[in-house]
Amino acid sequence: GVLTDVALGHATCMNASFVICPCCFCSYPYLFVSALKQNEKSYKSERMQAPEWLDIDSSDLNQLRKLCEIQGDRSLALEAIHSLCALRLNAVSKRHISSLSSTPLVNLNLSLKMFPEKFSSRNICMVGELSHARDPDPI
């Protein structure tokens with residue numbers, strides 16, 4: 001549910017790496033997500049609801065969440081889960097300090113990973129790995 005977005009927003013604000021494997025998609029729709037917003041010379045955290053965080057219409061998001069939870073059509077559910085996870089990683093990418101800063105100190109590498117379904121049918125993980133940006137070559 002939205003708790004996944006809350007965790008992603010928190011990781012974004014704290015400049016932290018993450019691995020998150022969402023297990024449900026319709027829970028906690030009333031939660032707010034914290035995200036960084038750039039002011040003139042600094043960043044501040046602002047709270048927003050999930051549709052704003054994901055930059056998607058709330059009714060479209062609700063339909064996508066329902067598709068993620070669909071039973072009996074694994075292929076359709078997997079496509080929906082993949083789409084929602086991609087929207088989430090896009091939100092992280094747009095709001096992470098490395099994309100807000102003109103001279104980022106870190107690089108953020110985002111990916112979706114899958115593990116074998118025999119462990120869980122909720123087997124898509126969102127991964128955000130931070131690495132130090134290279135110092136510019138000396139002149």
# chains A, B, ... in the order shown; residues from 1 in each chain; ligands from 1

$ residues_around --residues "Leu130 (chain A)" --least-positions-apart "6" --cutoff "9 Å" --atoms "only C-alpha atoms" --output "list of chain:residue names"
A:Asn15, A:Ala16, A:Ser17, A:Phe18, A:Val106, A:Asn107, A:Leu108, A:Asn109, A:Leu110

$ closest_atom_pairs --of "region 62-109 of chain A" --to "region 113-122 of chain A" --cutoff "9 Å" --atoms "only C-alpha atoms" --output "Markdown table"
| residue | atom | partner | partner_atom | distance |
| --- | --- | --- | --- | --- |
| A:Arg74 | CA | A:Ser121 | CA | 8.6 |
| A:Leu78 | CA | A:Arg122 | CA | 8.6 |
| A:Ile81 | CA | A:Arg122 | CA | 8.7 |

$ residues_around --residues "Lys94 (chain A)" --least-positions-apart "5" --cutoff "12 Å" --atoms "only C-alpha atoms" --output "VMD selection string"
chain A and resid 9 12 to 13 35 to 38 53 to 55 87 to 89 99 to 101 108 110

$ atom_distance --atom1 "CA of Glu52 (chain A)" --atom2 "CA of Ile20 (chain A)"
20.2 Å

$ closest_residue --among "A:Ser131, A:Ser111, A:Ser27, A:Ser34" --to "His82 (chain A)" --atoms "only C-alpha atoms"
A:Ser111

$ atom_distance --atom1 "CA of Ala50 (chain A)" --atom2 "CA of Asp73 (chain A)"
25.8 Å

$ residues_around --residues "Leu67 (chain A)" --least-positions-apart "6" --cutoff "12 Å" --atoms "only C-alpha atoms" --output "list of chain:residue names"
A:Cys24, A:Phe25, A:Cys26, A:Asp60, A:Leu61, A:Asp73, A:Arg74, A:Ser75, A:Leu76, A:Ala77, A:Leu78, A:Glu79, A:Ala80, A:Ile81, A:His82, A:Ser83, A:Leu84

$ select_by_dssp --residues "chain A" --states "strand (DSSP E)" --output "PyMOL selection string"
chain A and resi 18-20+32-38+43-49+106-114+124-132

$ write_last_selection --atoms "N, CA, C and O atoms" --output "compact mmCIF listing (two decimals), in the first residue's frame"
# COMPACT_ATOMS: atom_id res chain seq x y z
N PHE A 18 17.99 1.72 -0.58
CA PHE A 18 16.82 0.96 -0.14
C PHE A 18 16.63 -0.29 -1.00
O PHE A 18 17.08 -0.34 -2.15
N VAL A 19 15.98 -1.27 -0.41
CA VAL A 19 15.42 -2.42 -1.11
C VAL A 19 14.04 -2.61 -0.51
O VAL A 19 13.91 -2.84 0.69
N ILE A 20 13.01 -2.47 -1.33
CA ILE A 20 11.64 -2.58 -0.85
C ILE A 20 10.89 -3.54 -1.75
O ILE A 20 10.89 -3.39 -2.98
N PHE A 32 0.41 10.06 4.19
CA PHE A 32 1.11 11.09 3.42
C PHE A 32 2.55 10.67 3.20
O PHE A 32 3.16 10.03 4.05
N VAL A 33 3.09 11.06 2.07
CA VAL A 33 4.47 10.78 1.69
C VAL A 33 5.28 12.06 1.85
O VAL A 33 4.83 13.13 1.43
N SER A 34 6.45 11.96 2.45
CA SER A 34 7.36 13.10 2.54
C SER A 34 8.29 13.09 1.33
O SER A 34 8.78 12.04 0.93
N ALA A 35 8.50 14.26 0.77
CA ALA A 35 9.37 14.38 -0.40
C ALA A 35 10.15 15.68 -0.31
O ALA A 35 9.69 16.65 0.29
N LEU A 36 11.32 15.68 -0.92
CA LEU A 36 12.14 16.89 -0.94
C LEU A 36 11.63 17.85 -2.01
O LEU A 36 11.26 17.45 -3.10
N LYS A 37 11.66 19.11 -1.65
CA LYS A 37 11.35 20.17 -2.60
C LYS A 37 12.47 21.19 -2.51
O LYS A 37 12.90 21.55 -1.41
N GLN A 38 12.94 21.63 -3.65
CA GLN A 38 14.06 22.58 -3.66
C GLN A 38 13.52 24.01 -3.59
O GLN A 38 12.64 24.39 -4.35
N TYR A 43 16.79 22.70 0.58
CA TYR A 43 15.75 21.72 0.34
C TYR A 43 14.87 21.66 1.58
O TYR A 43 15.34 21.83 2.70
N LYS A 44 13.61 21.41 1.38
CA LYS A 44 12.74 21.18 2.51
C LYS A 44 11.84 20.00 2.19
O LYS A 44 11.60 19.68 1.03
N SER A 45 11.38 19.37 3.23
CA SER A 45 10.51 18.23 3.06
C SER A 45 9.07 18.71 3.04
O SER A 45 8.68 19.56 3.83
N GLU A 46 8.31 18.21 2.10
CA GLU A 46 6.89 18.52 2.05
C GLU A 46 6.10 17.22 2.03
O GLU A 46 6.59 16.19 1.58
N ARG A 47 4.89 17.29 2.54
CA ARG A 47 4.03 16.10 2.59
C ARG A 47 3.02 16.16 1.45
O ARG A 47 2.49 17.21 1.14
N MET A 48 2.78 14.99 0.86
CA MET A 48 1.81 14.91 -0.23
C MET A 48 1.14 13.54 -0.20
O MET A 48 1.67 12.59 0.37
N GLN A 49 -0.01 13.45 -0.82
CA GLN A 49 -0.66 12.16 -0.92
C GLN A 49 -0.07 11.38 -2.09
O GLN A 49 0.58 11.94 -2.97
N VAL A 106 26.24 12.33 -4.81
CA VAL A 106 25.98 10.90 -4.94
C VAL A 106 25.25 10.63 -6.25
O VAL A 106 24.59 11.49 -6.80
N ASN A 107 25.41 9.41 -6.71
CA ASN A 107 24.63 8.92 -7.85
C ASN A 107 23.62 7.93 -7.30
O ASN A 107 23.92 7.17 -6.38
N LEU A 108 22.44 7.94 -7.85
CA LEU A 108 21.39 7.02 -7.44
C LEU A 108 21.09 6.09 -8.60
O LEU A 108 20.70 6.54 -9.68
N ASN A 109 21.30 4.80 -8.40
CA ASN A 109 20.99 3.80 -9.41
C ASN A 109 19.73 3.07 -8.99
O ASN A 109 19.69 2.47 -7.91
N LEU A 110 18.71 3.14 -9.82
CA LEU A 110 17.41 2.52 -9.52
C LEU A 110 17.17 1.33 -10.42
O LEU A 110 17.50 1.36 -11.61
N SER A 111 16.58 0.28 -9.85
CA SER A 111 16.28 -0.91 -10.64
C SER A 111 15.15 -1.69 -10.00
O SER A 111 14.83 -1.52 -8.83
N LEU A 112 14.55 -2.54 -10.81
CA LEU A 112 13.58 -3.52 -10.33
C LEU A 112 14.25 -4.89 -10.41
O LEU A 112 14.88 -5.21 -11.41
N LYS A 113 14.12 -5.66 -9.37
CA LYS A 113 14.69 -7.01 -9.32
C LYS A 113 13.59 -8.00 -8.99
O LYS A 113 12.65 -7.66 -8.27
N MET A 114 13.72 -9.19 -9.49
CA MET A 114 12.76 -10.26 -9.17
C MET A 114 13.51 -11.42 -8.53
O MET A 114 14.64 -11.71 -8.90
N ILE A 124 8.67 -8.84 -6.74
CA ILE A 124 9.36 -7.72 -7.40
C ILE A 124 9.85 -6.77 -6.32
O ILE A 124 9.10 -6.34 -5.46
N CYS A 125 11.13 -6.44 -6.37
CA CYS A 125 11.74 -5.52 -5.41
C CYS A 125 12.22 -4.26 -6.13
O CYS A 125 12.73 -4.34 -7.25
N MET A 126 12.04 -3.14 -5.46
CA MET A 126 12.60 -1.88 -5.94
C MET A 126 13.91 -1.65 -5.21
O MET A 126 13.95 -1.75 -3.98
N VAL A 127 14.94 -1.36 -5.96
CA VAL A 127 16.28 -1.20 -5.38
C VAL A 127 16.80 0.19 -5.75
O VAL A 127 16.76 0.59 -6.91
N GLY A 128 17.28 0.89 -4.73
CA GLY A 128 17.94 2.18 -4.93
C GLY A 128 19.31 2.11 -4.30
O GLY A 128 19.42 1.98 -3.08
N GLU A 129 20.35 2.16 -5.13
CA GLU A 129 21.73 2.06 -4.64
C GLU A 129 22.43 3.40 -4.82
O GLU A 129 22.44 3.95 -5.92
N LEU A 130 22.99 3.88 -3.73
CA LEU A 130 23.75 5.13 -3.78
C LEU A 130 25.23 4.83 -3.96
O LEU A 130 25.75 3.88 -3.39
N SER A 131 25.87 5.66 -4.76
CA SER A 131 27.32 5.58 -4.88
C SER A 131 27.83 7.01 -4.92
O SER A 131 27.12 7.94 -5.31
N HIS A 132 29.07 7.19 -4.49
CA HIS A 132 29.64 8.53 -4.50
C HIS A 132 29.89 8.98 -5.93
O HIS A 132 30.38 8.21 -6.75

$ select_by_dssp --residues "region 54-120 of chain A" --states "helix (DSSP H, G or I)" --output "number ranges by chain"
A: 54, 58-68, 74-95, 97-100

$ closest_residue --among "A:Cys68, A:Met14, A:Ile56, A:Val92" --to "Gly1 (chain A)" --atoms "only C-alpha atoms"
A:Cys68

$ atom_distance --atom1 "CA of His96 (chain A)" --atom2 "CA of Gln63 (chain A)"
26.9 Å

$ closest_residue --among "A:Asp57, A:Asn62, A:Ala11, A:Val2" --to "Tyr30 (chain A)" --atoms "only C-alpha atoms"
A:Val2

$ decode --residues "region 70-124 of chain A" --atoms "C-alpha atoms" --output "compact mmCIF listing (two decimals), in the first residue's frame"
# COMPACT_ATOMS: atom_id res chain seq x y z
CA ILE A 70 -6.10 -9.36 -8.84
CA GLN A 71 -6.28 -13.10 -8.18
CA GLY A 72 -6.36 -15.76 -10.88
CA ASP A 73 -4.46 -13.84 -13.56
CA ARG A 74 -0.82 -13.77 -12.49
CA SER A 75 0.34 -12.24 -15.77
CA LEU A 76 -2.01 -9.25 -15.45
CA ALA A 77 -1.18 -8.75 -11.77
CA LEU A 78 2.55 -8.91 -12.53
CA GLU A 79 2.23 -6.29 -15.28
CA ALA A 80 0.32 -4.01 -12.93
CA ILE A 81 2.85 -4.51 -10.11
CA HIS A 82 5.69 -3.77 -12.51
CA SER A 83 3.93 -0.60 -13.69
CA LEU A 84 3.27 0.65 -10.17
CA CYS A 85 6.85 -0.08 -9.09
CA ALA A 86 8.13 1.80 -12.16
CA LEU A 87 5.95 4.80 -11.22
CA ARG A 88 7.38 4.66 -7.72
CA LEU A 89 10.99 4.56 -8.91
CA ASN A 90 10.23 7.46 -11.24
CA ALA A 91 8.94 9.46 -8.23
CA VAL A 92 12.15 8.68 -6.34
CA SER A 93 14.25 9.69 -9.33
CA LYS A 94 12.51 13.05 -9.70
CA ARG A 95 12.70 13.92 -6.01
CA HIS A 96 16.07 12.53 -4.94
CA ILE A 97 18.72 15.09 -4.03
CA SER A 98 20.99 13.80 -6.80
CA SER A 99 18.44 14.94 -9.38
CA LEU A 100 17.64 18.23 -7.59
CA SER A 101 21.26 19.35 -7.23
CA SER A 102 23.34 20.77 -10.06
CA THR A 103 26.44 19.19 -8.49
CA PRO A 104 25.32 15.95 -6.87
CA LEU A 105 27.60 14.27 -4.34
CA VAL A 106 25.98 10.90 -4.94
CA ASN A 107 24.63 8.92 -7.85
CA LEU A 108 21.39 7.02 -7.44
CA ASN A 109 20.99 3.80 -9.41
CA LEU A 110 17.41 2.52 -9.52
CA SER A 111 16.28 -0.91 -10.64
CA LEU A 112 13.58 -3.52 -10.33
CA LYS A 113 14.69 -7.01 -9.32
CA MET A 114 12.76 -10.26 -9.17
CA PHE A 115 13.37 -13.29 -7.02
CA PRO A 116 11.92 -16.78 -7.61
CA GLU A 117 8.15 -16.98 -7.27
CA LYS A 118 8.48 -20.16 -5.18
CA PHE A 119 9.37 -17.88 -2.25
CA SER A 120 6.49 -15.44 -2.78
CA SER A 121 4.12 -14.30 -5.51
CA ARG A 122 5.03 -10.75 -4.45
CA ASN A 123 8.50 -11.11 -5.91
CA ILE A 124 9.36 -7.72 -7.40
